[in-house]
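Trainee: Okay, here's the structure, questions in a sec.
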Number of protein chains: 2
Amino acid sequence: MANAVVGQSGGPTGVINASLVGVIEQAKKHPGIDKIYGAVHAVSGMVKENFIDLSAISDSELEILAASPSSGLGSSRDKPDEAYCQKILNVFQKRDIRYFYYIGGNDSANTAYIINTMAKKAGYDLKAFHVPKTVDNDLLVTDHCPGFGTAAKFVACALMGDDLDNRALPGVKIDVIMGRHAGFLTAASALGKQREDDGPHLVYIPERGFSMDKFISDVDKVYKKLGRCVIAVSEGICNENGVTWAQVLNQNAEVDSHGNVQLSGTGALADFLATQVKTKLNIKRVRADTFGYLQRSFAGLQSATDVKEARTCGRKAVKFSETQKSGSVAMKRSEDGKYAIKYFRTELANVAEKTKSLPAEFINADGNGITEAFVNYAMPLTGGLPKTTYVGNNPKV
Amino acid sequence: MANAVVGQSGGPTGVINASLVGVIEQAKKHPGIDKIYGAVHAVSGMVKENFIDLSAISDSELEILAASPSSGLGSSRDKPDEAYCQKILNVFQKRDIRYFYYIGGNDSANTAYIINTMAKKAGYDLKAFHVPKTVDNDLLVTDHCPGFGTAAKFVACALMGDDLDNRALPGVKIDVIMGRHAGFLTAASALGKQREDDGPHLVYIPERGFSMDKFISDVDKVYKKLGRCVIAVSEGICNENGVTWAQVLNQNAEVDSHGNVQLSGTGALADFLATQVKTKLNIKRVRADTFGYLQRSFAGLQSATDVKEARTCGRKAVKFSETQKSGSVAMKRSEDGKYAIKYFRTELANVAEKTKSLPAEFINADGNGITEAFVNYAMPLTGGLPKTTYVGNNPKV
């Protein structure tokens, strides 16, 4: 018998707590696990021994936790180097922690990888498992990431409503969506399209360069045709030189410990694009919204599919640790056309530090829209979207 | 037998289509009503005779319409003067329209009032009824407005998630919420508070002056105490001279036909406040989001109470028009403590052009928070909020 620790790292999601609950409920059944520590604020809590007892949480509280957005244990943006990881390993040894479950993105997989490697070298018997999480959907190996489906549902519902709003009061509407390098979440803006002329009419993702001239000409075309235009733009779009527009607009933007420039939590890009459209096309009603943290932490709006998979990923990490030394949980989609998921283990090194981009077959030839292949891929992850209607285009009488 | 027309005016809401469906289903039963015209883009459609046949919509489509956000008939920001209203009256006479139902805010009540007065003078027998709608909840006479409960639910769920996000990655978070003159929707940010230290920790509404020095000192106090601070700010907050901060920041802001300066659809106020906090308090992690149009047009997130009441208000307008000449539908809350609503008719003049502010008993003494009385008033309108939990503050082990 030995002890286990669980942590949640990086940006919160709508279902990262479901993964935590999955780990807890399975760890309770694990014959080799005694105490289940929760590390408060991830690696920072591991170093400071800021632990809570996760087995003390009642079943009914666990269900509320699984339905709550954001990281119930707190998170951290620390990027642990070797010295930092050595401190963690010391605490593990001191507390006889031999099961380490880390819920997060590729940075978290890398932390698990480093600690696992150090433990091996030190001859310390540790099982280190990574549970995938990200709204960006940018992890390798897995078909998709827990957290994405719920964020995709939010973005799709937002655009469905925003397109109807734009029909009611026509003009140009720009929505800036999360996604530093990967365009999956911005692409999800198109999932709610039900009618031929539904927005978003233009979708810009970080995988394609964003030229201001092309953008203005794209908007002009749609506006001339429809008398309105709804646009989804990723916060991570870059200019021809590969520099994010957010950085072009704010040279003093904050940089975190991972070297990432702050993109979210500011409306500068949206306002800049709106002003460009307004002045260059002389269109009066131009509005822009930045969805910000609502996309990852809105209460009460989980994808049923996503929350179920997130919880299963947590449980699988513990199951895999019964027979394996380390790994990352991944999902594989059934190939028979019906949506079904199988869970498997992959090496930490396959996921650590790497990222995936939106595949070329999901992006239209013009680089300003999304293909049917993406809709087929992403729709099941949302757990279904509401149906809407607009009657203002019914036959005149 | 004569014909009826329905229109939807002003900013869309999440349940304005439920009111439209209420009008349609009741008008079908009205013994004196023949055709039911839908005016596309409100008054502008009435002048241009841009009408659709609302009785042709199937029952199943009507249910989808009632669940769809935004104005399914299209809306308009036109402010009709007497000449404009005369044109409308001419069309009414030409098409034998003798029932006029107008869903909107105080401007729409005023339009109904003007047209009703002109019809009377012209000796034209017209029934003119206003159906209340606004996310701002600022209409007189009625206990609350259809549209507010759904928007309040969105804002409350957003803040619940955002507060949990801010616990996970602590810092200062500023959320800018709709509300030009009335603070009801910004106040709704506090409805989801479940724990003593839940955010929003500070709430600023247009009914109180917003001094930058006081704001900075408020944030400093909360941040020093909790190590984090979540703030809800109305887009309509004014400085000591009664000028909106949005206008102070953008002298060139758009002004609409009602004389309203553009507040929504820009992130300038949020970014400005974030920069103030960052520089004056030297806090590193300061983020700001502007909720924008999501608040009024998010798909699939209605308050069950709100959608039911909105539909009933539509039906009541038609019922009242069986025996009365004109009026606005209003709601009265039961005084026995259990939430229940009675519907009644009030004169158009009682609602036209006037607005209500957040009553003083809903605002704390310091002018930076909301009272329990507001929570008791507004909570039933949301139809209930999800429960959440955060375990990071559980006892250390």
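Going by the structure tokens order, chains are called A, B, ..., each with residues numbered from 1, while ligands are numbered from 1 in the order shown.
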Would you please extract all helix (DSSP H, G or I) residues from range 130-362 of chain B, as assigned by DSSP on the backbone, and give them as a PyMOL selection string?

Mentor: chain B and resi 148-168+184-190+212-226+245-249+268-281+294-297+304-323+348-351+360-362

Trainee: Write out, as CSV, each residue of chain A that has an atom at most 7 Å from chain B, together with the closest pair of atoms and their distance in Å to one decimal, counting only C-alpha atoms, rows going by chain and rising number.

Mentor:
```
residue,atom,partner,partner_atom,distance
A:Pro12,CA,B:Asp165,CA,6.5
A:Val40,CA,B:Gly392,CA,5.6
A:His41,CA,B:Ala168,CA,6.9
A:Asn50,CA,B:Lys396,CA,6.4
A:Phe51,CA,B:Lys396,CA,5.4
A:Ile52,CA,B:Lys396,CA,4.8
A:Asp53,CA,B:Val397,CA,6.3
A:Ile64,CA,B:Thr388,CA,5.8
A:Leu65,CA,B:Thr389,CA,5.5
A:Ser68,CA,B:Thr388,CA,4.9
A:Pro69,CA,B:Gly161,CA,5.9
A:Ser70,CA,B:Asp165,CA,5.2
A:Ser71,CA,B:Ala168,CA,5.7
A:Gly72,CA,B:Tyr390,CA,4.6
A:Leu73,CA,B:Gly392,CA,4.4
A:Gly74,CA,B:Ala168,CA,3.7
A:Ser75,CA,B:Ala168,CA,4.8
A:Ser76,CA,B:Leu169,CA,6.4
A:Cys157,CA,B:Ala299,CA,4.9
A:Ala158,CA,B:Phe298,CA,5.0
A:Met160,CA,B:Ala299,CA,6.1
A:Gly161,CA,B:Ser297,CA,4.7
A:Asp162,CA,B:Ser297,CA,6.0
A:Leu164,CA,B:Ser70,CA,5.7
A:Asp165,CA,B:Ser70,CA,5.2
A:Arg167,CA,B:Gly74,CA,6.3
A:Ala168,CA,B:Gly74,CA,3.7
A:Leu169,CA,B:Ser75,CA,5.8
A:Gly265,CA,B:Arg287,CA,4.6
A:Thr266,CA,B:Ala288,CA,5.9
A:Gly267,CA,B:Gly267,CA,4.5
A:Ala268,CA,B:Gly267,CA,6.8
A:Asp271,CA,B:Thr266,CA,5.9
A:Arg287,CA,B:Gly265,CA,4.6
A:Ala288,CA,B:Gly265,CA,4.8
A:Asp289,CA,B:Gly265,CA,5.6
A:Thr290,CA,B:Thr290,CA,6.9
A:Phe291,CA,B:Phe291,CA,6.9
A:Gly292,CA,B:Asp289,CA,5.8
A:Tyr293,CA,B:Asp162,CA,6.9
A:Leu294,CA,B:Ala158,CA,6.1
A:Ser297,CA,B:Gly161,CA,4.7
A:Phe298,CA,B:Gly161,CA,4.7
A:Ala299,CA,B:Gly161,CA,4.8
A:Gly300,CA,B:Pro386,CA,5.7
A:Pro386,CA,B:Gly300,CA,5.7
A:Lys387,CA,B:Ile64,CA,6.7
A:Thr388,CA,B:Ser68,CA,4.9
A:Thr389,CA,B:Leu65,CA,5.5
A:Tyr390,CA,B:Gly72,CA,4.6
A:Val391,CA,B:Gly72,CA,5.4
A:Gly392,CA,B:Leu73,CA,4.4
A:Asn394,CA,B:Ile52,CA,6.1
A:Pro395,CA,B:Ile52,CA,6.1
A:Lys396,CA,B:Ile52,CA,4.8
A:Val397,CA,B:Ile52,CA,5.3
```

Trainee: Between A:Glu347, A:Asp107, A:Asp34, A:Asp136, which has the minimum distance to Ile205 in chain A (counting only C-alpha atoms)?

Mentor: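 For Ile205 in chain A, the nearest of the candidates is A:Asp136.
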
Trainee: Return as an MDAnalysis selection string the full set of residues in range 75-209 of chain B whose backbone-based DSSP assignment is strand (DSSP E).

Mentor: chainID B and resid 97:104 127:132 172:177 202:204

Trainee: If you measure from CA of Ala122 in chain A to CA of Ala349 in chain A, what distance in Å do you get, rounded to one decimal?

Mentor: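 A separation of 19.1 Å between them.
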
Trainee: Leaving out Arg228 in chain B and any residue of its chain fewer than 3 positions from it, which residues lie within 7 Å of it when counting only C-alpha atoms, given as a PyMOL selection string?

Mentor: chain B and resi 170-172+223

Trainee: Could you state the separation of CA of Thr186 in chain B and CA of Gly384 in chain B in Å, given to one decimal place?

Mentor: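 Taking CA of Thr186 in chain B and CA of Gly384 in chain B, their separation equals 17.5 Å.
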
Trainee: Would you pick out the contacts of Lys221 in chain A at 12 Å or less, using only C-alpha atoms, so that residues sharing its chain but fewer than 5 positions from it are not included, and give the list as a PyMOL selection string?

Mentor: chain A and resi 172+201-202+214-216+226-229+281

Trainee: Could you produce a table of the residues of range 121-150 of chain B lying within 10 Å of range 315-336 of chain B, with the nearest pair of atoms per residue and their separation in Å rounded to one decimal, using only C-alpha atoms, ordered by chain and increasing residue number, as a tab-separated table?

Mentor:
```
residue	atom	partner	partner_atom	distance
B:Asp125	CA	B:Lys325	CA	8.6
B:Leu126	CA	B:Lys325	CA	7.1
B:Lys127	CA	B:Lys325	CA	4.8
B:Ala128	CA	B:Ser326	CA	4.7
B:Phe129	CA	B:Gly327	CA	5.0
B:His130	CA	B:Ser328	CA	4.4
B:Val131	CA	B:Val329	CA	5.6
B:Pro132	CA	B:Val329	CA	6.6
B:Leu139	CA	B:Ala330	CA	9.4
B:Leu140	CA	B:Ala330	CA	8.9
B:Val141	CA	B:Ala330	CA	6.6
B:Thr142	CA	B:Ala330	CA	4.5
B:Asp143	CA	B:Lys332	CA	5.5
B:His144	CA	B:Met331	CA	6.9
B:Cys145	CA	B:Met331	CA	8.1
B:Pro146	CA	B:Met331	CA	9.5
```
